[in-house]
$ cat target.txt   # compact mmCIF, C-alpha atoms
# COMPACT_ATOMS: atom_id res chain seq x y z
CA MET B 1 27.50 38.13 21.84
CA SER B 2 26.35 34.70 22.85
CA ALA B 3 27.17 31.22 21.63
CA VAL B 4 28.76 32.02 18.30
CA THR B 5 29.49 28.83 16.42
CA TYR B 6 31.82 28.31 13.53
CA THR B 7 31.97 24.75 12.35
CA PRO B 8 33.36 24.34 8.84
CA VAL B 9 31.67 21.05 8.06
CA PRO B 10 28.73 20.31 5.78
CA GLY B 11 25.40 20.67 7.48
CA ALA B 12 26.69 22.81 10.30
CA VAL B 13 25.79 26.39 11.10
CA GLY B 14 27.96 29.19 9.78
CA VAL B 15 29.60 32.31 11.20
CA GLY B 16 27.43 34.58 13.24
CA ALA B 17 24.76 32.01 13.84
CA ARG B 18 23.52 31.35 17.30
CA LYS B 19 21.85 28.48 19.04
CA ASP B 20 18.44 29.09 17.54
CA ASP B 21 19.80 29.28 14.05
CA LEU B 22 20.44 25.57 14.34
CA ASP B 23 16.91 25.18 13.00
CA ALA B 24 18.20 26.34 9.67
CA SER B 25 20.67 23.51 9.39
CA THR B 26 18.83 20.72 11.16
CA ALA B 27 15.76 21.00 9.00
CA SER B 28 17.86 19.94 6.05
CA GLY B 29 21.22 18.48 5.22
CA PRO B 30 23.14 15.78 7.02
CA ALA B 31 23.33 15.85 10.76
CA SER B 32 26.86 16.14 12.10
CA GLY B 33 26.15 15.09 15.69
CA PRO B 34 23.47 14.29 18.16
CA ALA B 35 22.84 17.95 19.03
CA LEU B 36 22.24 18.80 15.40
CA GLY B 37 20.51 15.63 14.30
CA ALA B 38 17.82 15.27 16.95
CA ALA B 39 15.02 17.71 17.58
CA PRO B 40 15.40 19.18 21.07
CA PRO B 41 12.74 18.13 23.57
CA PRO B 42 9.96 20.74 23.87
CA ARG B 43 10.50 23.06 26.81
CA ARG B 44 7.51 24.06 28.87
CA ASN B 45 8.18 27.78 28.97
CA LEU B 46 7.71 30.82 26.80
CA HIS B 47 10.99 30.18 24.99
CA ARG B 48 9.34 27.46 22.92
CA PHE B 49 7.24 30.15 21.21
CA ALA B 50 10.39 32.08 20.35
CA ASN B 51 11.88 29.25 18.33
CA PRO B 52 12.22 30.63 14.76
CA GLY B 53 10.87 27.48 13.11
CA ARG B 54 7.87 27.36 15.42
CA PHE B 55 7.40 31.10 14.97
CA LEU B 56 7.19 30.67 11.18
CA ARG B 57 4.57 27.94 11.52
CA LEU B 58 2.46 29.77 14.12
CA SER B 59 2.67 33.15 12.43
CA GLY B 60 1.84 31.55 9.08
CA ALA B 61 -1.44 30.36 10.57
CA VAL B 62 -2.26 33.65 12.33
CA LEU B 63 -1.15 36.14 9.67
CA PRO B 64 -4.06 35.78 7.21
CA TRP B 65 -6.53 36.41 10.05
CA LEU B 66 -4.58 39.44 11.28
CA ALA B 67 -4.29 40.95 7.82
CA THR B 68 -7.88 40.27 6.74
CA GLY B 69 -9.32 41.43 10.06
CA GLY B 70 -7.14 44.53 10.03
CA VAL B 71 -8.14 45.57 6.51
CA LEU B 72 -11.85 44.92 7.04
CA ILE B 73 -12.16 46.51 10.49
CA THR B 74 -10.02 49.54 9.59
CA GLY B 75 -11.96 50.10 6.37
CA PHE B 76 -15.27 49.78 8.20
CA ALA B 77 -14.17 52.11 11.03
CA LEU B 78 -12.75 54.77 8.69
CA ALA B 79 -15.95 54.76 6.59
CA TRP B 80 -17.99 55.00 9.81
CA GLY B 81 -15.87 57.89 11.09
CA LEU B 82 -15.83 59.71 7.76
CA PHE B 83 -19.46 59.40 6.70
CA PHE B 84 -21.67 58.36 9.62
CA ALA B 85 -20.17 59.62 12.90
CA PRO B 86 -21.45 63.06 13.89
CA ALA B 87 -19.46 66.26 13.49
CA ASP B 88 -18.26 67.97 16.65
CA TYR B 89 -20.25 70.99 17.85
CA GLN B 90 -17.05 73.09 18.11
CA GLN B 91 -14.60 71.54 15.66
CA GLY B 92 -17.05 70.63 12.93
CA ASP B 93 -15.99 67.85 10.56
CA ALA B 94 -12.31 68.31 11.40
CA VAL B 95 -12.92 66.01 14.36
CA ARG B 96 -13.06 63.11 11.86
CA ILE B 97 -9.26 63.28 11.68
CA MET B 98 -9.39 61.78 15.18
CA TYR B 99 -10.20 58.33 13.70
CA VAL B 100 -6.77 58.28 12.05
CA HIS B 101 -4.77 60.39 14.49
CA VAL B 102 -5.66 58.76 17.83
CA PRO B 103 -5.06 55.10 16.80
CA ALA B 104 -1.77 56.17 15.19
CA ALA B 105 -0.77 57.89 18.45
CA TRP B 106 -1.68 54.84 20.54
CA LEU B 107 0.25 52.55 18.21
CA ALA B 108 3.25 54.88 18.18
CA SER B 109 3.53 54.50 21.96
CA GLY B 110 2.39 50.87 22.05
CA GLY B 111 4.82 49.95 19.29
CA TYR B 112 7.66 51.52 21.21
CA ALA B 113 6.64 49.58 24.33
CA GLY B 114 6.79 46.41 22.21
CA LEU B 115 10.18 47.42 20.83
CA ALA B 116 11.47 48.03 24.37
CA LEU B 117 10.11 44.67 25.55
CA ALA B 118 11.83 42.88 22.67
CA SER B 119 15.02 44.80 23.50
CA ALA B 120 14.82 43.75 27.16
CA ILE B 121 14.33 40.11 26.13
CA SER B 122 17.27 40.46 23.76
CA LEU B 123 19.53 41.88 26.48
CA VAL B 124 18.49 39.38 29.16
CA TRP B 125 18.14 36.14 27.17
CA ARG B 126 20.13 37.10 24.06
CA HIS B 127 17.46 35.65 21.87
CA PRO B 128 17.93 36.34 18.13
CA LEU B 129 14.19 36.43 17.48
CA ALA B 130 13.87 39.30 19.97
CA ASP B 131 16.62 41.17 18.11
CA LEU B 132 14.78 40.67 14.85
CA ALA B 133 11.47 41.69 16.43
CA ALA B 134 12.99 44.96 17.69
CA GLN B 135 14.56 45.55 14.28
CA GLU B 136 11.26 45.01 12.46
CA ILE B 137 9.04 46.94 14.88
CA GLY B 138 11.25 50.04 14.55
CA PRO B 139 10.38 51.16 10.99
CA VAL B 140 6.67 50.36 11.40
CA GLY B 141 6.53 52.24 14.70
CA ALA B 142 8.34 55.18 13.13
CA ALA B 143 5.83 55.21 10.26
CA PHE B 144 2.87 55.25 12.65
CA THR B 145 4.53 58.00 14.70
CA ALA B 146 4.99 59.99 11.50
CA LEU B 147 1.32 59.36 10.68
CA CYS B 148 0.37 60.61 14.15
CA LEU B 149 2.47 63.76 13.74
CA ALA B 150 1.24 64.45 10.20
CA SER B 151 -2.44 63.86 10.95
CA GLY B 152 -2.08 65.93 14.13
CA SER B 153 -0.60 68.72 12.08
CA LEU B 154 -3.49 68.47 9.61
CA TRP B 155 -5.88 68.68 12.56
CA GLY B 156 -3.96 71.49 14.27
CA LYS B 157 -3.88 73.86 11.32
CA PRO B 158 -7.67 74.43 11.08
CA MET B 159 -8.22 74.25 14.86
CA TRP B 160 -5.19 76.09 16.29
CA GLY B 161 -4.20 78.10 13.23
CA ALA B 162 -0.73 76.52 13.17
CA TRP B 163 0.76 73.40 11.62
CA TRP B 164 3.06 72.94 14.59
CA VAL B 165 3.50 74.30 18.10
CA TRP B 166 6.27 73.42 20.54
CA ASP B 167 3.71 72.01 22.90
CA ALA B 168 4.76 69.34 25.45
CA ARG B 169 2.65 66.60 23.84
CA LEU B 170 3.75 67.35 20.29
CA THR B 171 7.39 67.73 21.27
CA SER B 172 7.46 64.48 23.27
CA VAL B 173 5.92 62.59 20.33
CA LEU B 174 8.54 64.15 18.04
CA VAL B 175 11.20 62.87 20.48
CA LEU B 176 9.56 59.43 20.17
CA PHE B 177 9.92 59.64 16.40
CA PHE B 178 13.62 60.51 16.78
CA LEU B 179 14.04 57.57 19.19
CA TYR B 180 12.61 55.25 16.55
CA VAL B 181 14.88 56.72 13.87
CA GLY B 182 17.88 56.50 16.21
CA HIS B 183 17.08 52.86 16.91
CA ILE B 184 16.85 52.07 13.20
CA ALA B 185 20.13 53.87 12.52
CA LEU B 186 21.98 52.33 15.48
CA ILE B 187 21.15 48.75 14.45
CA ARG B 188 22.77 49.43 11.08
CA ALA B 189 25.67 51.49 12.41
CA PHE B 190 28.09 48.65 13.21
CA ASP B 191 29.89 46.13 11.04
CA ASP B 192 29.28 43.62 13.79
CA GLN B 193 25.50 43.21 13.77
CA GLU B 194 25.44 41.95 17.36
CA ARG B 195 26.93 45.23 18.60
CA GLY B 196 24.27 47.09 16.66
CA TYR B 197 21.54 45.02 18.30
CA ARG B 198 23.00 45.54 21.79
CA SER B 199 23.44 49.31 21.36
CA ALA B 200 19.99 49.75 19.86
CA ALA B 201 18.44 47.68 22.68
CA ILE B 202 20.05 49.93 25.28
CA LEU B 203 18.79 53.02 23.44
CA ALA B 204 15.30 51.50 23.27
CA LEU B 205 15.25 50.86 27.03
CA ILE B 206 16.50 54.37 27.83
CA GLY B 207 13.82 55.81 25.53
CA VAL B 208 11.04 54.14 27.53
CA VAL B 209 11.22 57.11 29.90
CA ASN B 210 9.59 59.12 27.13
CA LEU B 211 6.37 57.06 27.18
CA PRO B 212 4.99 58.35 30.52
CA ILE B 213 6.11 61.84 29.50
CA ILE B 214 3.95 61.55 26.37
CA LYS B 215 1.02 60.15 28.36
CA PHE B 216 1.08 62.72 31.17
CA SER B 217 2.42 65.73 29.25
CA VAL B 218 -1.10 67.13 28.91
CA ASP B 219 -1.57 66.90 32.70
CA TRP B 220 1.88 68.06 33.82
CA TRP B 221 2.10 71.13 31.58
CA ASN B 222 -0.29 73.68 30.15
CA THR B 223 -0.61 72.44 26.62
CA LEU B 224 -2.58 73.40 23.56
CA HIS B 225 -3.24 69.71 23.03
CA GLN B 226 -6.40 68.51 24.72
CA PRO B 227 -6.21 66.08 27.68
CA ALA B 228 -7.13 62.41 27.29
CA SER B 229 -10.80 61.70 26.54
CA ILE B 230 -10.44 57.98 27.22
CA THR B 231 -8.74 56.63 30.34
CA LEU B 232 -8.46 53.18 31.89
CA THR B 233 -9.78 54.37 35.25
CA GLY B 234 -12.58 56.82 34.45
CA SER B 235 -15.51 56.85 32.08
CA PRO B 236 -14.80 58.37 28.66
CA THR B 237 -15.64 62.04 28.11
CA ILE B 238 -16.39 61.41 24.46
CA HIS B 239 -19.90 60.64 23.22
CA ALA B 240 -20.65 57.01 22.35
CA SER B 241 -21.45 57.94 18.73
CA MET B 242 -17.80 58.99 18.35
CA LEU B 243 -16.30 56.52 20.80
CA TRP B 244 -17.36 53.35 18.97
CA PRO B 245 -15.89 54.20 15.56
CA LEU B 246 -12.74 55.33 17.37
CA LEU B 247 -12.44 52.01 19.20
CA PHE B 248 -13.06 50.05 15.99
CA SER B 249 -10.46 52.15 14.22
CA ALA B 250 -7.97 51.47 17.02
CA ILE B 251 -8.65 47.72 16.83
CA GLY B 252 -8.33 47.71 13.03
CA TYR B 253 -5.08 49.68 12.99
CA THR B 254 -3.69 47.50 15.78
CA LEU B 255 -4.38 44.37 13.73
CA LEU B 256 -2.76 46.00 10.69
CA PHE B 257 0.28 46.99 12.76
CA ALA B 258 0.57 43.43 14.09
CA ALA B 259 0.15 41.95 10.60
CA ILE B 260 2.83 44.19 9.08
CA VAL B 261 5.31 43.50 11.90
CA THR B 262 4.60 39.76 11.74
CA GLU B 263 5.14 39.62 7.98
CA ARG B 264 8.36 41.66 8.26
CA LEU B 265 9.56 39.39 11.04
CA ARG B 266 8.80 36.29 8.97
CA ALA B 267 10.81 37.78 6.11
CA ALA B 268 13.69 38.59 8.47
CA VAL B 269 13.74 35.03 9.87
CA MET B 270 13.82 33.58 6.34
CA GLU B 271 16.53 36.02 5.26
CA ARG B 272 18.64 34.98 8.24
CA ARG B 273 18.13 31.32 7.34
CA ILE B 274 19.22 32.06 3.79
CA ARG B 275 22.42 33.68 5.08
CA VAL B 276 23.11 30.74 7.38
CA LEU B 277 22.52 28.19 4.60
CA GLN B 278 24.68 30.14 2.16
CA LEU B 279 27.51 30.27 4.70
CA ALA B 280 27.18 26.57 5.39
CA ARG B 281 27.22 25.84 1.67
CA ALA B 282 30.28 28.06 1.17
CA ASP B 283 32.02 26.24 4.05
CA ALA B 284 31.15 22.88 2.53
CA GLU B 285 32.49 23.91 -0.86
CA ARG B 286 35.70 25.22 0.73
CA VAL B 287 36.22 21.96 2.61
CA ALA B 288 35.49 19.92 -0.51
CA ALA B 289 37.95 22.01 -2.51
CA MET N 290 -18.22 68.96 5.00
CA THR N 291 -15.99 71.56 6.67
CA HIS N 292 -12.18 71.39 6.43
CA LEU N 293 -12.42 68.78 3.67
CA PRO N 294 -8.83 69.10 2.33
CA PHE N 295 -7.38 68.50 5.81
CA ILE N 296 -9.65 65.51 6.42
CA ALA N 297 -8.95 64.03 2.98
CA ALA N 298 -5.19 64.42 3.45
CA ALA N 299 -5.28 62.79 6.89
CA TYR N 300 -7.36 59.84 5.63
CA ALA N 301 -5.14 59.47 2.55
CA LEU N 302 -2.10 59.19 4.82
CA GLY N 303 -3.99 56.86 7.13
CA VAL N 304 -4.64 54.50 4.24
CA LEU N 305 -1.43 54.91 2.25
CA ILE N 306 1.14 54.45 5.02
CA PRO N 307 -0.15 51.05 6.24
CA LEU N 308 -0.76 50.02 2.61
CA VAL N 309 2.79 50.82 1.51
CA PHE N 310 4.30 49.08 4.53
CA GLY N 311 1.98 46.10 4.14
CA ILE N 312 2.78 45.61 0.45
CA GLY N 313 6.48 46.13 1.16
CA ALA N 314 6.46 43.49 3.91
CA TRP N 315 4.52 41.04 1.75
CA GLN N 316 6.90 41.48 -1.21
CA ARG N 317 9.94 41.11 1.04
CA ALA N 318 8.58 37.90 2.57
CA ALA N 319 7.66 36.52 -0.85
CA ALA N 320 11.16 37.24 -2.17
CA ALA N 321 12.75 35.60 0.88
CA ARG N 322 10.46 32.56 0.47
CA ARG N 323 11.42 32.20 -3.20
CA LYS N 324 15.11 32.49 -2.39
CA LEU N 325 14.83 30.00 0.46
CA ALA N 326 12.91 27.61 -1.79
CA ALA N 327 15.76 27.75 -4.30
CA ILE N 328 18.24 26.80 -1.57
CA ASP N 329 16.16 24.44 0.55
CA PRO N 330 12.53 23.73 -0.44
CA ARG N 331 11.75 21.98 2.87
CA GLN N 332 12.46 25.13 4.91
CA ALA N 333 10.59 27.33 2.47
CA ARG N 334 7.43 25.33 3.18
CA GLU N 335 7.60 26.49 6.80
CA GLY N 336 7.58 30.09 5.64
CA ARG N 337 4.42 29.71 3.62
CA PRO N 338 1.38 31.26 5.33
$ encode --input "target.txt" --output "structure tokens"
Amino acid sequence: MSAVTYTPVPGAVGVGARKDDLDASTASGPASGPALGAAPPPRRNLHRFANPGRFLRLSGAVLPWLATGGVLITGFALAWGLFFAPADYQQGDAVRIMYVHVPAAWLASGGYAGLALASAISLVWRHPLADLAAQEIGPVGAAFTALCLASGSLWGKPMWGAWWVWDARLTSVLVLFFLYVGHIALIRAFDDQERGYRSAAILALIGVVNLPIIKFSVDWWNTLHQPASITLTGSPTIHASMLWPLLFSAIGYTLLFAAIVTERLRAAVMERRIRVLQLARADAERVAA
Amino acid sequence: MTHLPFIAAAYALGVLIPLVFGIGAWQRAAAARRKLAAIDPRQAREGRP
């Protein structure tokens, strides 16, 4: 754990707070020294964007656009996929499940990559905002992984005749879901929250090995699941009339994912500030008594 | 439309899951903002979108 401060004077930061939590006390209350009273000079690196106060201001400006764009684009893409995109010559209308299933699958993996990145930042720089980001991405990523598994199951039953098969792709995505759940549980498993963050970050980084397994499972093993129709290197093997609604759906769901994580992260930052202020107030009352 | 129940169920999940998480996040942030405003109104202004 880094830079824990405990200063039982009014206006100071309470137990468990770290350097960045100073925002919570400096924005209000009397300053108890030059480090607390003066705003630090802006640093010309990426850390300045990870300042919780600056994050709240920036995210407050971006969030309405993310949420509105996500709702509108997702609604438009789902209506396009459901009513206007053509049915598949083999699968019939069941192919329309793709417009929910594929974006959910991409976001399940992408969300985990984001969680692992936040965990790496947390382990290297010990930044509390990275801890909170990993904590808030976890449940949303788990929900999108569950959506991917459930919609895949709903697609598999009419096409394969089974709700579930122990296929390499399905199994590796199930492992991803368990990694998310393990991460959520591990953060909450310790009385000392910092130990929970550290342990969960290590689990998140170990779990990254599952991402290429998910991606290449359909190439490495004989699977019932079809191989990728869209790749970064080759041209897509899916017709444009299905590709466009799929891409719009992916963009819409990505914006929704980002909006939900951002709003959760904003709530987590404010909740942490509340804890810090309550501790500072309790300290002040104890000293006054 | 073939396989309608499967398609309807998948789309229902595709709408409901983000909706539930979105409303949950919004309510949680609103509650935190209210609580912060009760403690320190200046900081709560930062949390307003």
$ closest_residue --input "target.txt" --among "B:Ala120, B:Ala133, B:Ala150, B:Ala113" --to "Ile296 in chain N" --atoms "all atoms listed in the file"
B:Ala150
$ closest_residue --input "target.txt" --among "B:Val261, B:Leu129, B:Leu205, B:Leu247" --to "chain N" --atoms "all atoms listed in the file"
B:Val261
$ interface_residues --input "target.txt" --of "chain N" --to "chain B" --cutoff "8 Å" --atoms "all atoms listed in the file" --output "MDAnalysis selection string"
chainID N and resid 290:293 295:296 298:300 302:303 306:307 310:311 314:315 317:319 321:322 324:325 328:329 331:332 335:338
$ closest_residue --input "target.txt" --among "B:Ser217, B:Asp167, B:Ala200, B:Ala142" --to "Val181 in chain B" --atoms "all atoms listed in the file"
B:Ala142
$ atom_distance --input "target.txt" --atom1 "CA of Leu246 in chain B" --atom2 "CA of Gln135 in chain B"
29.2 Å
$ atom_distance --input "target.txt" --atom1 "CA of Leu186 in chain B" --atom2 "CA of Leu203 in chain B"
8.6 Å
$ build_atoms --input "target.txt" --residues "range 223-257 of chain B" --atoms "N, CA and C atoms" --output "compact mmCIF listing (two decimals), in the coordinates of the input"
# COMPACT_ATOMS: atom_id res chain seq x y z
N THR B 223 -0.86 72.71 28.03
CA THR B 223 -0.61 72.44 26.62
C THR B 223 -1.81 72.86 25.77
N LEU B 224 -1.51 73.11 24.50
CA LEU B 224 -2.58 73.40 23.56
C LEU B 224 -3.34 72.12 23.23
N HIS B 225 -2.63 71.01 23.31
CA HIS B 225 -3.24 69.71 23.03
C HIS B 225 -4.25 69.38 24.13
N GLN B 226 -5.36 68.82 23.73
CA GLN B 226 -6.40 68.51 24.72
C GLN B 226 -6.00 67.32 25.60
N PRO B 227 -6.51 67.25 26.84
CA PRO B 227 -6.21 66.08 27.68
C PRO B 227 -6.91 64.83 27.17
N ALA B 228 -6.58 63.68 27.76
CA ALA B 228 -7.13 62.41 27.29
C ALA B 228 -8.64 62.37 27.49
N SER B 229 -9.34 61.87 26.45
CA SER B 229 -10.80 61.70 26.54
C SER B 229 -11.16 60.30 27.00
N ILE B 230 -10.20 59.37 26.84
CA ILE B 230 -10.44 57.98 27.22
C ILE B 230 -9.34 57.56 28.18
N THR B 231 -9.73 57.11 29.37
CA THR B 231 -8.74 56.63 30.34
C THR B 231 -9.14 55.24 30.82
N LEU B 232 -8.17 54.53 31.40
CA LEU B 232 -8.46 53.18 31.89
C LEU B 232 -9.28 53.24 33.18
N THR B 233 -9.15 54.32 33.93
CA THR B 233 -9.78 54.37 35.25
C THR B 233 -11.15 55.05 35.24
N GLY B 234 -11.32 56.08 34.43
CA GLY B 234 -12.58 56.82 34.45
C GLY B 234 -13.43 56.53 33.23
N SER B 235 -14.65 57.02 33.24
CA SER B 235 -15.51 56.85 32.08
C SER B 235 -15.10 57.85 31.00
N PRO B 236 -15.25 57.49 29.74
CA PRO B 236 -14.80 58.37 28.66
C PRO B 236 -15.62 59.67 28.60
N THR B 237 -14.95 60.75 28.23
CA THR B 237 -15.64 62.04 28.11
C THR B 237 -16.04 62.31 26.66
N ILE B 238 -16.04 61.28 25.88
CA ILE B 238 -16.39 61.41 24.46
C ILE B 238 -17.72 60.68 24.26
N HIS B 239 -18.58 61.24 23.42
CA HIS B 239 -19.90 60.64 23.22
C HIS B 239 -19.78 59.28 22.52
N ALA B 240 -20.70 58.39 22.87
CA ALA B 240 -20.65 57.01 22.35
C ALA B 240 -20.67 56.98 20.82
N SER B 241 -21.36 57.93 20.20
CA SER B 241 -21.45 57.94 18.73
C SER B 241 -20.09 58.22 18.09
N MET B 242 -19.17 58.80 18.85
CA MET B 242 -17.80 58.99 18.35
C MET B 242 -16.85 57.95 18.94
N LEU B 243 -17.18 57.47 20.12
CA LEU B 243 -16.30 56.52 20.80
C LEU B 243 -16.21 55.20 20.06
N TRP B 244 -17.37 54.67 19.60
CA TRP B 244 -17.36 53.35 18.97
C TRP B 244 -16.55 53.31 17.68
N PRO B 245 -16.76 54.26 16.74
CA PRO B 245 -15.89 54.20 15.56
C PRO B 245 -14.41 54.37 15.90
N LEU B 246 -14.14 55.15 16.96
CA LEU B 246 -12.74 55.33 17.37
C LEU B 246 -12.15 54.01 17.88
N LEU B 247 -12.93 53.29 18.68
CA LEU B 247 -12.44 52.01 19.20
C LEU B 247 -12.26 50.99 18.06
N PHE B 248 -13.20 50.97 17.13
CA PHE B 248 -13.06 50.05 15.99
C PHE B 248 -11.84 50.41 15.15
N SER B 249 -11.63 51.71 14.98
CA SER B 249 -10.46 52.15 14.22
C SER B 249 -9.17 51.72 14.93
N ALA B 250 -9.16 51.86 16.25
CA ALA B 250 -7.97 51.47 17.02
C ALA B 250 -7.72 49.97 16.90
N ILE B 251 -8.80 49.18 16.96
CA ILE B 251 -8.65 47.72 16.83
C ILE B 251 -8.14 47.37 15.43
N GLY B 252 -8.74 47.99 14.40
CA GLY B 252 -8.33 47.71 13.03
C GLY B 252 -6.88 48.07 12.78
N TYR B 253 -6.48 49.27 13.21
CA TYR B 253 -5.08 49.68 12.99
C TYR B 253 -4.12 48.80 13.80
N THR B 254 -4.55 48.37 14.99
CA THR B 254 -3.69 47.50 15.78
C THR B 254 -3.47 46.17 15.06
N LEU B 255 -4.53 45.62 14.48
CA LEU B 255 -4.38 44.37 13.73
C LEU B 255 -3.48 44.58 12.52
N LEU B 256 -3.63 45.72 11.84
CA LEU B 256 -2.76 46.00 10.69
C LEU B 256 -1.30 46.12 11.13
N PHE B 257 -1.08 46.83 12.23
CA PHE B 257 0.28 46.99 12.76
C PHE B 257 0.88 45.61 13.06
